[in-house]
file upload.tsv (TSV, C-alpha atoms)
chain	number	residue	atom	x	y	z
A	1405	MET	CA	0.00	0.00	0.00
A	1406	TYR	CA	2.73	2.40	1.01
A	1407	TYR	CA	4.65	1.43	-2.11
A	1408	ARG	CA	1.68	2.20	-4.42
A	1409	LYS	CA	1.07	5.57	-2.73
A	1410	THR	CA	4.74	6.42	-3.06
A	1411	MET	CA	4.76	5.51	-6.76
A	1412	ARG	CA	1.62	7.57	-7.39
A	1413	LEU	CA	3.25	10.52	-5.65
A	1414	LEU	CA	6.41	10.14	-7.70
A	1415	LEU	CA	4.41	9.86	-10.94
A	1416	ALA	CA	2.37	12.94	-10.09
A	1417	THR	CA	5.52	14.85	-9.28
A	1418	LEU	CA	7.12	13.72	-12.53
A	1419	LEU	CA	4.06	14.75	-14.55
A	1420	SER	CA	4.07	18.15	-12.86
A	1421	LEU	CA	7.73	18.62	-13.68
A	1422	LEU	CA	7.12	17.62	-17.28
A	1423	MET	CA	4.26	20.10	-17.57
A	1424	ILE	CA	6.35	22.87	-16.06
A	1425	THR	CA	9.29	22.01	-18.27
A	1426	GLY	CA	7.01	21.83	-21.29
A	1427	LEU	CA	5.55	25.21	-20.54
A	1428	GLY	CA	9.01	26.59	-20.09
A	1429	LEU	CA	10.08	25.19	-23.42
A	1430	SER	CA	6.99	26.59	-25.13
A	1431	SER	CA	7.65	29.99	-23.66
A	1432	ALA	CA	11.29	29.90	-24.69
A	1433	ALA	CA	10.38	28.76	-28.19
A	1434	ALA	CA	7.79	31.52	-28.56
A	1435	ALA	CA	10.42	34.09	-27.69
A	1436	GLN	CA	12.67	32.97	-30.54
A	1437	PRO	CA	12.72	35.16	-33.66
A	1438	GLU	CA	10.11	34.19	-36.26
A	1439	ILE	CA	12.55	34.58	-39.16
A	1440	SER	CA	16.21	34.12	-39.99
A	1441	ARG	CA	18.61	36.33	-41.93
A	1442	GLU	CA	18.31	33.86	-44.81
A	1443	ASP	CA	14.57	34.58	-44.82
A	1444	VAL	CA	15.34	38.28	-45.05
A	1445	HIS	CA	17.73	37.69	-47.95
A	1446	ARG	CA	15.14	35.64	-49.84
A	1447	ALA	CA	12.49	38.30	-49.33
A	1448	ALA	CA	14.89	41.00	-50.50
A	1449	GLN	CA	15.75	39.10	-53.67
A	1450	LYS	CA	12.06	39.08	-54.55
A	1451	THR	CA	11.98	42.85	-54.14
A	1452	ILE	CA	15.14	43.31	-56.20
A	1453	ASN	CA	13.63	41.21	-58.99
A	1454	TYR	CA	10.43	43.24	-58.73
A	1455	TYR	CA	12.39	46.46	-59.23
A	1456	HIS	CA	14.33	45.04	-62.16
A	1457	ASP	CA	11.21	43.74	-63.92
A	1458	THR	CA	9.16	46.86	-63.21
A	1459	TYR	CA	11.68	49.48	-64.30
A	1460	LYS	CA	13.45	47.72	-67.16
A	1461	ASP	CA	10.94	48.79	-69.83
A	1462	SER	CA	11.42	52.45	-68.84
A	1463	GLU	CA	15.23	52.13	-69.00
A	1464	PHE	CA	15.23	52.20	-65.17
A	1465	HIS	CA	13.91	55.72	-64.95
A	1466	GLY	CA	12.87	56.32	-61.34
A	1467	ILE	CA	15.26	53.92	-59.58
A	1468	LEU	CA	16.92	56.96	-58.01
A	1469	ASP	CA	16.61	58.23	-55.35
A	1470	TRP	CA	15.37	55.89	-52.60
A	1471	PRO	CA	15.17	52.47	-54.31
A	1472	ALA	CA	18.86	52.86	-55.12
A	1473	LEU	CA	19.78	52.80	-51.44
A	1474	GLY	CA	18.34	49.33	-50.84
A	1475	LEU	CA	19.76	48.00	-54.08
A	1476	PHE	CA	23.19	49.29	-53.08
A	1477	GLY	CA	22.80	47.64	-49.67
A	1478	PHE	CA	22.43	44.28	-51.39
A	1479	GLY	CA	25.44	44.82	-53.61
A	1480	GLU	CA	23.58	45.79	-56.78
A	1481	ASP	CA	25.49	48.08	-59.14
A	1482	ILE	CA	22.63	50.14	-60.52
A	1483	SER	CA	24.97	52.01	-62.83
A	1484	GLY	CA	26.21	48.70	-64.25
A	1485	SER	CA	25.06	46.60	-67.19
A	1486	LYS	CA	22.31	44.74	-65.32
A	1487	TRP	CA	20.51	48.00	-64.57
A	1488	THR	CA	21.27	49.76	-67.88
A	1489	VAL	CA	19.22	49.68	-71.10
A	1490	ASN	CA	20.30	51.48	-74.29
A	1491	GLY	CA	23.08	53.18	-72.35
A	1492	LYS	CA	20.58	54.65	-69.91
A	1493	ASN	CA	19.96	53.89	-66.25
A	1494	GLY	CA	18.56	55.43	-63.09
A	1495	ALA	CA	21.51	57.76	-62.59
A	1496	TYR	CA	21.30	58.96	-66.22
A	1497	TRP	CA	17.66	59.94	-65.84
A	1498	ARG	CA	18.11	61.50	-62.40
A	1499	GLU	CA	20.99	63.65	-63.60
A	1500	ASP	CA	18.87	64.84	-66.51
A	1501	GLU	CA	16.16	65.81	-64.01
A	1502	VAL	CA	18.66	67.63	-61.79
A	1503	ARG	CA	19.81	69.74	-64.74
A	1504	GLN	CA	16.18	70.75	-65.26
A	1505	GLY	CA	15.49	71.31	-61.57
A	1506	ILE	CA	12.95	68.48	-61.45
A	1507	GLN	CA	12.42	67.18	-57.90
A	1508	LEU	CA	15.13	69.60	-56.79
A	1509	ASN	CA	13.36	72.63	-55.39
A	1510	LYS	CA	15.35	75.14	-53.34
A	1511	ILE	CA	12.35	75.51	-51.08
A	1512	LYS	CA	12.97	71.92	-49.90
A	1513	ASN	CA	16.34	71.07	-48.44
A	1514	THR	CA	15.15	67.47	-48.28
A	1515	ASP	CA	15.12	67.39	-52.12
A	1516	TYR	CA	18.88	67.95	-52.13
A	1517	GLN	CA	19.46	65.60	-49.22
A	1518	ARG	CA	17.68	62.58	-50.70
A	1519	THR	CA	19.31	63.26	-54.06
A	1520	ILE	CA	22.75	63.01	-52.42
A	1521	ILE	CA	21.81	59.64	-50.93
A	1522	GLY	CA	20.55	58.33	-54.26
A	1523	VAL	CA	23.56	59.63	-56.20
A	1524	CYS	CA	25.96	57.98	-53.76
A	1525	ALA	CA	24.00	54.72	-53.87
A	1526	ALA	CA	24.37	54.80	-57.66
A	1527	GLY	CA	28.14	55.25	-57.36
A	1528	LYS	CA	28.10	58.73	-58.88
A	1529	ASP	CA	29.74	62.00	-57.80
A	1530	PRO	CA	27.53	64.06	-55.43
A	1531	TYR	CA	30.07	66.89	-55.60
A	1532	ASN	CA	29.28	67.37	-59.29
A	1533	PHE	CA	26.00	65.89	-60.41
A	1534	GLY	CA	24.07	67.63	-63.15
A	1535	GLY	CA	26.46	70.55	-62.75
A	1536	ILE	CA	25.59	71.01	-59.06
A	1537	ASN	CA	27.70	70.41	-55.98
A	1538	LEU	CA	24.92	68.84	-53.95
A	1539	VAL	CA	27.11	68.19	-50.93
A	1540	GLU	CA	28.38	71.75	-50.60
A	1541	THR	CA	24.86	73.07	-51.11
A	1542	VAL	CA	23.54	71.07	-48.14
A	1543	ARG	CA	26.65	71.74	-46.09
A	1544	ASN	CA	26.23	75.49	-46.56
A	1545	SER	CA	22.57	75.32	-45.56
A	1546	MET	CA	23.42	74.97	-41.87
A	1547	LEU	CA	22.26	77.97	-39.86
A	1548	PRO	CA	24.38	79.55	-37.08
A	1549	ASN	CA	22.36	77.65	-34.45
A	1550	GLY	CA	23.44	74.30	-35.94
A	1551	HIS	CA	20.17	73.54	-37.74
A	1552	PHE	CA	20.11	72.45	-41.37
A	1553	ALA	CA	17.72	75.00	-42.84
A	1554	ASP	CA	14.29	73.98	-44.07
A	1555	SER	CA	15.00	75.65	-47.43
A	1556	ILE	CA	18.22	75.92	-49.41
A	1557	ALA	CA	17.52	79.51	-50.42
A	1558	ASP	CA	15.02	82.18	-49.49
A	1559	GLN	CA	13.27	83.52	-52.59
A	1560	LYS	CA	14.22	87.11	-51.72
A	1561	THR	CA	17.67	86.88	-50.14
A	1562	GLY	CA	18.94	83.63	-51.66
A	1563	LEU	CA	20.14	82.54	-48.20
A	1564	PRO	CA	19.20	79.36	-46.32
A	1565	VAL	CA	16.08	79.90	-44.26
A	1566	GLY	CA	13.72	78.01	-41.96
A	1567	ASP	CA	14.16	76.62	-38.47
A	1568	ASP	CA	11.12	74.38	-38.08
A	1569	LEU	CA	11.65	71.05	-39.83
A	1570	ILE	CA	13.23	68.28	-37.81
A	1571	ASN	CA	13.24	65.92	-40.80
A	1572	ALA	CA	15.32	68.40	-42.85
A	1573	HIS	CA	17.79	68.55	-39.99
A	1574	CYS	CA	18.07	64.77	-39.58
A	1575	PHE	CA	18.49	64.11	-43.27
A	1576	GLY	CA	21.01	66.90	-43.58
A	1577	VAL	CA	23.16	64.90	-41.18
A	1578	ILE	CA	22.44	61.60	-42.93
A	1579	ALA	CA	23.08	62.93	-46.44
A	1580	LEU	CA	26.45	64.46	-45.59
A	1581	HIS	CA	27.40	61.26	-43.77
A	1582	CYS	CA	26.63	59.23	-46.91
A	1583	ALA	CA	28.84	61.58	-48.96
A	1584	GLY	CA	31.73	61.02	-46.53
A	1585	MET	CA	31.55	64.61	-45.33
A	1586	PRO	CA	32.11	65.51	-41.64
A	1587	ILE	CA	29.15	67.32	-40.12
A	1588	PRO	CA	29.95	71.01	-39.61
A	1589	ASN	CA	29.41	72.58	-36.18
A	1590	GLN	CA	28.71	69.12	-34.81
A	1591	ASP	CA	28.13	70.10	-31.17
A	1592	LYS	CA	25.53	72.73	-32.02
A	1593	CYS	CA	23.98	70.41	-34.58
A	1594	LEU	CA	23.40	67.79	-31.88
A	1595	GLU	CA	22.34	70.39	-29.33
A	1596	TRP	CA	19.65	71.75	-31.66
A	1597	LEU	CA	18.20	68.28	-32.24
A	1598	VAL	CA	18.26	67.22	-28.59
A	1599	GLY	CA	16.49	70.46	-27.71
A	1600	LYS	CA	13.51	69.39	-29.83
A	1601	GLN	CA	12.91	66.11	-27.99
A	1602	LEU	CA	9.41	65.81	-26.59
A	1603	PRO	CA	8.73	65.10	-22.89
A	1604	ASN	CA	7.87	61.46	-23.68
A	1605	GLY	CA	11.26	60.94	-25.36
A	1606	GLY	CA	9.93	60.95	-28.90
A	1607	PHE	CA	10.34	63.39	-31.77
A	1608	ASN	CA	7.95	64.82	-34.32
A	1609	TRP	CA	8.60	66.02	-37.86
A	1610	ASP	CA	8.45	69.71	-36.99
A	1611	VAL	CA	9.16	72.05	-34.10
A	1612	LYS	CA	6.18	72.88	-31.92
A	1613	HIS	CA	5.63	76.42	-30.66
A	1614	PHE	CA	3.28	76.73	-27.68
A	1615	ASP	CA	2.74	79.63	-25.31
A	1616	ASN	CA	1.64	77.25	-22.56
A	1617	PRO	CA	4.48	74.84	-21.60
A	1618	GLU	CA	1.90	72.24	-20.55
A	1619	ASP	CA	0.79	71.90	-24.15
A	1620	TYR	CA	4.05	70.17	-25.00
A	1621	GLN	CA	2.97	67.29	-22.75
A	1622	LEU	CA	0.03	66.68	-25.10
A	1623	VAL	CA	2.12	66.13	-28.23
A	1624	ASP	CA	2.65	62.52	-29.22
A	1625	GLY	CA	6.02	61.53	-30.57
A	1626	ASP	CA	6.19	59.68	-33.88
A	1627	ALA	CA	8.09	56.40	-34.27
A	1628	ASP	CA	9.38	57.36	-37.73
A	1629	MET	CA	10.81	60.73	-36.72
A	1630	THR	CA	12.11	59.40	-33.42
A	1631	ALA	CA	14.04	56.80	-35.42
A	1632	ALA	CA	15.32	59.52	-37.79
A	1633	ALA	CA	16.48	61.56	-34.81
A	1634	LEU	CA	18.28	58.51	-33.43
A	1635	MET	CA	20.03	58.02	-36.77
A	1636	ALA	CA	21.22	61.62	-36.75
A	1637	MET	CA	22.29	61.48	-33.10
A	1638	SER	CA	24.27	58.31	-33.76
A	1639	ILE	CA	26.08	59.88	-36.71
A	1640	LEU	CA	26.80	62.91	-34.51
A	1641	GLY	CA	28.54	60.66	-32.00
A	1642	ALA	CA	25.83	60.04	-29.41
A	1643	ASP	CA	25.24	56.48	-28.22
A	1644	GLU	CA	23.03	54.74	-25.67
A	1645	SER	CA	24.88	56.45	-22.82
A	1646	ASN	CA	23.54	59.79	-24.01
A	1647	PRO	CA	20.33	60.61	-22.07
A	1648	ALA	CA	18.54	61.82	-25.20
A	1649	VAL	CA	19.34	58.59	-27.05
A	1650	ALA	CA	18.28	56.49	-24.06
A	1651	ARG	CA	14.97	58.35	-23.78
A	1652	ALA	CA	14.28	57.99	-27.51
A	1653	LEU	CA	14.98	54.25	-27.36
A	1654	ALA	CA	12.68	53.93	-24.33
A	1655	PHE	CA	9.98	55.72	-26.33
A	1656	LEU	CA	10.33	53.22	-29.18
A	1657	LYS	CA	10.23	50.33	-26.71
A	1658	GLU	CA	6.95	51.67	-25.37
A	1659	GLU	CA	5.58	52.12	-28.89
A	1660	GLN	CA	6.53	48.65	-30.14
A	1661	LEU	CA	3.50	46.50	-30.95
A	1662	ASP	CA	2.94	42.95	-29.73
A	1663	ASP	CA	3.97	41.52	-33.10
A	1664	GLY	CA	7.28	43.40	-32.92
A	1665	GLY	CA	6.25	46.11	-35.38
A	1666	PHE	CA	5.52	49.81	-35.12
A	1667	HIS	CA	2.83	52.23	-36.14
A	1668	SER	CA	2.60	55.85	-37.23
A	1669	TRP	CA	-0.52	57.99	-37.00
A	1670	GLY	CA	-2.27	55.01	-35.44
A	1671	THR	CA	-1.62	52.62	-38.34
A	1672	ALA	CA	0.76	49.68	-38.24
A	1673	ASN	CA	2.91	49.90	-41.36
A	1674	PRO	CA	6.21	48.68	-42.82
A	1675	GLU	CA	7.72	52.16	-43.14
A	1676	SER	CA	7.74	52.66	-39.38
A	1677	CYS	CA	9.42	49.26	-38.99
A	1678	ALA	CA	11.97	50.28	-41.61
A	1679	TRP	CA	12.91	53.52	-39.88
A	1680	VAL	CA	13.36	51.77	-36.55
A	1681	ILE	CA	15.45	49.02	-38.17
A	1682	GLN	CA	17.75	51.66	-39.67
A	1683	ALA	CA	18.10	53.52	-36.38
A	1684	LEU	CA	18.88	50.40	-34.37
A	1685	THR	CA	21.45	49.25	-36.91
A	1686	LEU	CA	23.23	52.61	-36.90
A	1687	LEU	CA	23.37	52.42	-33.11
A	1688	GLY	CA	24.92	48.96	-33.30
A	1689	GLN	CA	21.84	47.13	-32.06
A	1690	ASP	CA	20.29	44.12	-33.77
A	1691	PRO	CA	16.62	44.66	-34.73
A	1692	MET	CA	16.30	40.87	-34.91
A	1693	GLY	CA	17.96	40.36	-31.55
A	1694	GLU	CA	16.51	39.41	-28.19
A	1695	ALA	CA	16.16	43.00	-26.97
A	1696	TRP	CA	13.69	43.83	-29.77
A	1697	THR	CA	11.94	40.46	-30.03
A	1698	LYS	CA	8.57	40.29	-28.31
A	1699	PRO	CA	7.25	37.20	-26.48
A	1700	SER	CA	5.29	36.42	-29.67
A	1701	GLY	CA	8.61	35.93	-31.47
A	1702	GLY	CA	8.00	39.00	-33.57
A	1703	ASN	CA	10.53	41.78	-34.09
A	1704	PRO	CA	10.67	44.84	-36.36
A	1705	VAL	CA	12.00	42.77	-39.26
A	1706	SER	CA	9.46	39.95	-39.09
A	1707	ALA	CA	6.69	42.54	-38.71
A	1708	LEU	CA	8.01	44.32	-41.81
A	1709	LEU	CA	7.93	41.15	-43.91
A	1710	LYS	CA	4.22	40.63	-43.21
A	1711	PHE	CA	3.56	43.47	-45.66
A	1712	GLN	CA	5.33	41.84	-48.62
A	1713	LEU	CA	3.23	40.85	-51.61
A	1714	GLU	CA	3.89	37.78	-53.74
A	1715	ASN	CA	5.56	39.85	-56.49
A	1716	GLY	CA	8.13	41.22	-54.02
A	1717	SER	CA	6.62	44.66	-53.52
A	1718	PHE	CA	5.22	45.86	-50.18
A	1719	ALA	CA	1.83	47.14	-49.08
A	1720	HIS	CA	1.32	50.04	-46.69
A	1721	VAL	CA	-1.54	48.38	-44.79
A	1722	LEU	CA	-2.94	44.93	-44.14
A	1723	ALA	CA	-6.54	43.88	-44.71
A	1724	GLU	CA	-8.47	44.13	-41.44
A	1725	GLU	CA	-10.02	40.65	-41.55
A	1726	ASP	CA	-7.23	38.34	-42.68
A	1727	MET	CA	-4.27	40.71	-41.97
A	1728	LEU	CA	-2.78	40.19	-45.43
A	1729	PRO	CA	-1.20	42.90	-47.62
A	1730	VAL	CA	-3.77	44.39	-49.99
A	1731	TYR	CA	-1.98	46.42	-52.67
A	1732	ASP	CA	1.53	47.58	-53.41
A	1733	ASN	CA	2.91	50.96	-52.41
A	1734	ALA	CA	6.03	52.58	-53.84
A	1735	MET	CA	7.17	54.21	-50.59
A	1736	SER	CA	6.58	51.05	-48.59
A	1737	THR	CA	8.60	48.99	-51.07
A	1738	GLU	CA	11.64	51.26	-51.23
A	1739	GLN	CA	11.83	51.68	-47.48
A	1740	ALA	CA	11.38	47.97	-46.87
A	1741	LEU	CA	14.28	47.13	-49.17
A	1742	TYR	CA	16.87	49.34	-47.50
A	1743	ALA	CA	15.67	48.20	-44.09
A	1744	MET	CA	16.10	44.57	-45.14
A	1745	ALA	CA	19.61	45.42	-46.31
A	1746	ASP	CA	20.52	46.85	-42.90
A	1747	ALA	CA	19.00	43.89	-41.07
A	1748	TYR	CA	20.68	41.32	-43.30
A	1749	ASN	CA	24.10	42.98	-43.35
A	1750	GLN	CA	23.89	43.96	-39.68
A	1751	LYS	CA	25.43	47.20	-40.89
A	1752	SER	CA	23.85	50.45	-41.96
A	1753	ALA	CA	23.83	51.24	-45.68
A	1754	TYR	CA	24.51	54.83	-44.63
A	1755	ASP	CA	27.72	53.71	-42.94
A	1756	MET	CA	28.66	51.65	-45.98
A	1757	LEU	CA	28.28	54.72	-48.19
A	1758	HIS	CA	30.24	56.84	-45.72
A	1759	GLU	CA	33.18	54.43	-45.88
A	1760	LYS	CA	33.03	54.41	-49.67
A	1761	TYR	CA	32.86	58.19	-50.07
A	1762	ARG	CA	35.13	59.27	-47.23
A	1763	PRO	CA	38.25	59.37	-49.48
A	1764	MET	CA	36.38	61.53	-51.99
A	1765	ALA	CA	35.30	63.92	-49.23
A	1766	GLU	CA	38.84	64.15	-47.85
A	1767	LYS	CA	40.17	64.97	-51.30
A	1768	TYR	CA	37.51	67.63	-51.73
A	1769	LEU	CA	38.24	69.19	-48.32
A	1770	SER	CA	41.97	69.27	-49.05
A	1771	GLY	CA	41.31	71.35	-52.15
A	1772	GLY	CA	41.65	68.59	-54.71
A	1773	SER	CA	39.05	67.44	-57.20
A	1774	ALA	CA	36.40	65.16	-55.76
A	1775	ALA	CA	35.93	63.38	-59.05
A	1776	LYS	CA	36.81	59.69	-59.06

call {"tool": "encode", "arguments": {"input": "upload.tsv", "output": "structure tokens"}}
result
Amino acid sequence: MYYRKTMRLLLATLLSLLMITGLGLSSAAAAQPEISREDVHRAAQKTINYYHDTYKDSEFHGILDWPALGLFGFGEDISGSKWTVNGKNGAYWREDEVRQGIQLNKIKNTDYQRTIIGVCAAGKDPYNFGGINLVETVRNSMLPNGHFADSIADQKTGLPVGDDLINAHCFGVIALHCAGMPIPNQDKCLEWLVGKQLPNGGFNWDVKHFDNPEDYQLVDGDADMTAAALMAMSILGADESNPAVARALAFLKEEQLDDGGFHSWGTANPESCAWVIQALTLLGQDPMGEAWTKPSGGNPVSALLKFQLENGSFAHVLAEEDMLPVYDNAMSTEQALYAMADAYNQKSAYDMLHEKYRPMAEKYLSGGSAAK
């Protein structure tokens, strides 16, 4: 009798241990990333093929500016034979547009900034593209307070003007970094940006001006612009030990969705995931790592890939009922590709461009020709 009771007790204990162990294993398994870097590479190849098939008939007109960045990140030479038809390619068409002032308006500093990024991604000379020194133009747009002006030139004075756009400031930093150019007045540049951080640690796309200080508490930060600010702060030499960087990262942690993704203006979307992936990579963090993987197993990269369509393009939103991508979106696709490049390489495409163009920038700064 005693023997049977003892055996039942041992069996019950063993079953309990197995259940506990099983639960522990299930929990541990659920916390593992949903995807691998090989999955990211396969998804990216679909997008690369999509770009090639879509733009080939138009002699690759439109590959610059932003699609070029992701293609560069995956080692594609978009000025080479694969991406050239009848002697024409994305860089050829973009340079023709620059000569005509198309998508290069002096009212928008961001026009010049994104053009620099695209030109560098295409392996061309941003110091002389379409007869314009794009790098020097953006470099000279910095105001005395360290802010990259909203506009390249005021219509009356011809001088840089505008102190309201945080996105123009962040991409001024990013664009010059891609061109290998040191950021002028770096301390003030960082100080200006940090001064625009919201109380919750986030950033918005423009500077808010309120008479009542309490109104600033009511402004929600945006994941996209917070990530852009983190990119700029990283390039300017600030890391996780900087209080502003730490607060911005804490904001993104709070904003991260259960599936590992992010939202902007209340909508989960791949662009927000892409911006965060870029920021984390520039800071030396792994967007597929444990720190950014939710208990569901989702992280910013796996959440991003949910928006990919069968043809390799990306949708901006998912259908409400079955949570599947519904239609392709140009902005979603280009941003997804360069985010996948960062996640796969575990290195920022912006840093890769900086390393490539640093010798050209040094030659330019020493008074020599920047031409290759």

call {"tool": "closest_residue", "arguments": {"input": "upload.tsv", "among": "A:Ser1717, A:Asn1532, A:Asn1749, A:Gln1590", "to": "A:His1456", "atoms": "only C-alpha atoms"}}
result
A:Ser1717

call {"tool": "residues_around", "arguments": {"input": "upload.tsv", "residues": "A:Tyr1748", "least_positions_apart": "3", "cutoff": "8 Å", "atoms": "all atoms listed in the file", "output": "PyMOL selection string"}}
result
chain A and resi 1441-1442+1444-1445+1744-1745+1751

call {"tool": "closest_residue", "arguments": {"input": "upload.tsv", "among": "A:Asp1690, A:Asp1500, A:Glu1725, A:Asp1481", "to": "A:Asp1746", "atoms": "only C-alpha atoms"}}
result
A:Asp1690

call {"tool": "atom_distance", "arguments": {"input": "upload.tsv", "atom1": "atom CA of A:Trp1470", "atom2": "atom CA of A:Trp1696"}}
result
25.9 Å

call {"tool": "atom_distance", "arguments": {"input": "upload.tsv", "atom1": "atom CA of A:Asp1662", "atom2": "atom CA of A:Leu1473"}}
result
29.2 Å

call {"tool": "closest_residue", "arguments": {"input": "upload.tsv", "among": "A:Asp1568, A:Asp1643, A:Asp1726, A:Glu1675", "to": "A:Phe1552", "atoms": "only C-alpha atoms"}}
result
A:Asp1568

call {"tool": "closest_residue", "arguments": {"input": "upload.tsv", "among": "A:Ile1482, A:Leu1653, A:Leu1597, A:Val1611", "to": "A:Asp1567", "atoms": "all atoms listed in the file"}}
result
A:Val1611

call {"tool": "residues_near_point", "arguments": {"input": "upload.tsv", "point": "(24.2, 48.1, -31.7)", "cutoff": "12 Å", "atoms": "all atoms listed in the file", "output": "number ranges by chain"}}
result
A: 1635, 1638, 1643-1644, 1653, 1681-1693, 1695-1696, 1746-1747, 1750-1752

call {"tool": "atom_distance", "arguments": {"input": "upload.tsv", "atom1": "atom CA of A:Asn1673", "atom2": "atom CA of A:Ala1719"}}
result
8.3 Å

call {"tool": "residues_around", "arguments": {"input": "upload.tsv", "residues": "A:Gln1601", "least_positions_apart": "5", "cutoff": "8 Å", "atoms": "only C-alpha atoms", "output": "PDB file with C-alpha atoms, in the frame of the given file"}}
result
ATOM      1  CA  GLY A1606       9.930  60.950 -28.900  1.00  0.00           C
ATOM      2  CA  PHE A1607      10.340  63.390 -31.770  1.00  0.00           C
ATOM      3  CA  ALA A1648      18.540  61.820 -25.200  1.00  0.00           C
TER       4      ALA A1648
END

call {"tool": "residues_around", "arguments": {"input": "upload.tsv", "residues": "A:Gln1559", "least_positions_apart": "2", "cutoff": "9 Å", "atoms": "all atoms listed in the file", "output": "PyMOL selection string"}}
result
chain A and resi 1510-1511+1557+1561-1563

call {"tool": "residues_around", "arguments": {"input": "upload.tsv", "residues": "A:Ile1587", "least_positions_apart": "2", "cutoff": "9 Å", "atoms": "all atoms listed in the file", "output": "ChimeraX atom specification"}}
result
/A:1543,1576-1577,1580-1581,1585,1589-1590,1593,1639-1640

call {"tool": "residues_near_point", "arguments": {"input": "upload.tsv", "point": "(6.9, 43.3, -42.0)", "cutoff": "9 Å", "atoms": "all atoms listed in the file", "output": "PDB file with C-alpha atoms, in the coordinates of the input"}}
result
ATOM      1  CA  GLY A1665       6.250  46.110 -35.380  1.00  0.00           C
ATOM      2  CA  ASN A1673       2.910  49.900 -41.360  1.00  0.00           C
ATOM      3  CA  PRO A1674       6.210  48.680 -42.820  1.00  0.00           C
ATOM      4  CA  GLU A1675       7.720  52.160 -43.140  1.00  0.00           C
ATOM      5  CA  CYS A1677       9.420  49.260 -38.990  1.00  0.00           C
ATOM      6  CA  ALA A1678      11.970  50.280 -41.610  1.00  0.00           C
ATOM      7  CA  ASN A1703      10.530  41.780 -34.090  1.00  0.00           C
ATOM      8  CA  PRO A1704      10.670  44.840 -36.360  1.00  0.00           C
ATOM      9  CA  VAL A1705      12.000  42.770 -39.260  1.00  0.00           C
ATOM     10  CA  SER A1706       9.460  39.950 -39.090  1.00  0.00           C
ATOM     11  CA  ALA A1707       6.690  42.540 -38.710  1.00  0.00           C
ATOM     12  CA  LEU A1708       8.010  44.320 -41.810  1.00  0.00           C
ATOM     13  CA  LEU A1709       7.930  41.150 -43.910  1.00  0.00           C
ATOM     14  CA  LYS A1710       4.220  40.630 -43.210  1.00  0.00           C
ATOM     15  CA  PHE A1711       3.560  43.470 -45.660  1.00  0.00           C
ATOM     16  CA  GLN A1712       5.330  41.840 -48.620  1.00  0.00           C
ATOM     17  CA  PHE A1718       5.220  45.860 -50.180  1.00  0.00           C
ATOM     18  CA  ALA A1740      11.380  47.970 -46.870  1.00  0.00           C
TER      19      ALA A1740
END

call {"tool": "axis_aligned_box", "arguments": {"input": "upload.tsv", "around": "stretch 1589-1606 of chain A", "padding_each_side": "4 Å", "output": "AutoDock Vina command-line options"}}
result
--center_x 18.6 --center_y 66.8 --center_z -29.5 --size_x 29.5 --size_y 19.8 --size_z 21.3

call {"tool": "residues_around", "arguments": {"input": "upload.tsv", "residues": "A:Asn1490", "least_positions_apart": "2", "cutoff": "8 Å", "atoms": "only C-alpha atoms", "output": "JSON, numbers by chain"}}
result
{"A": [1463, 1488, 1492]}
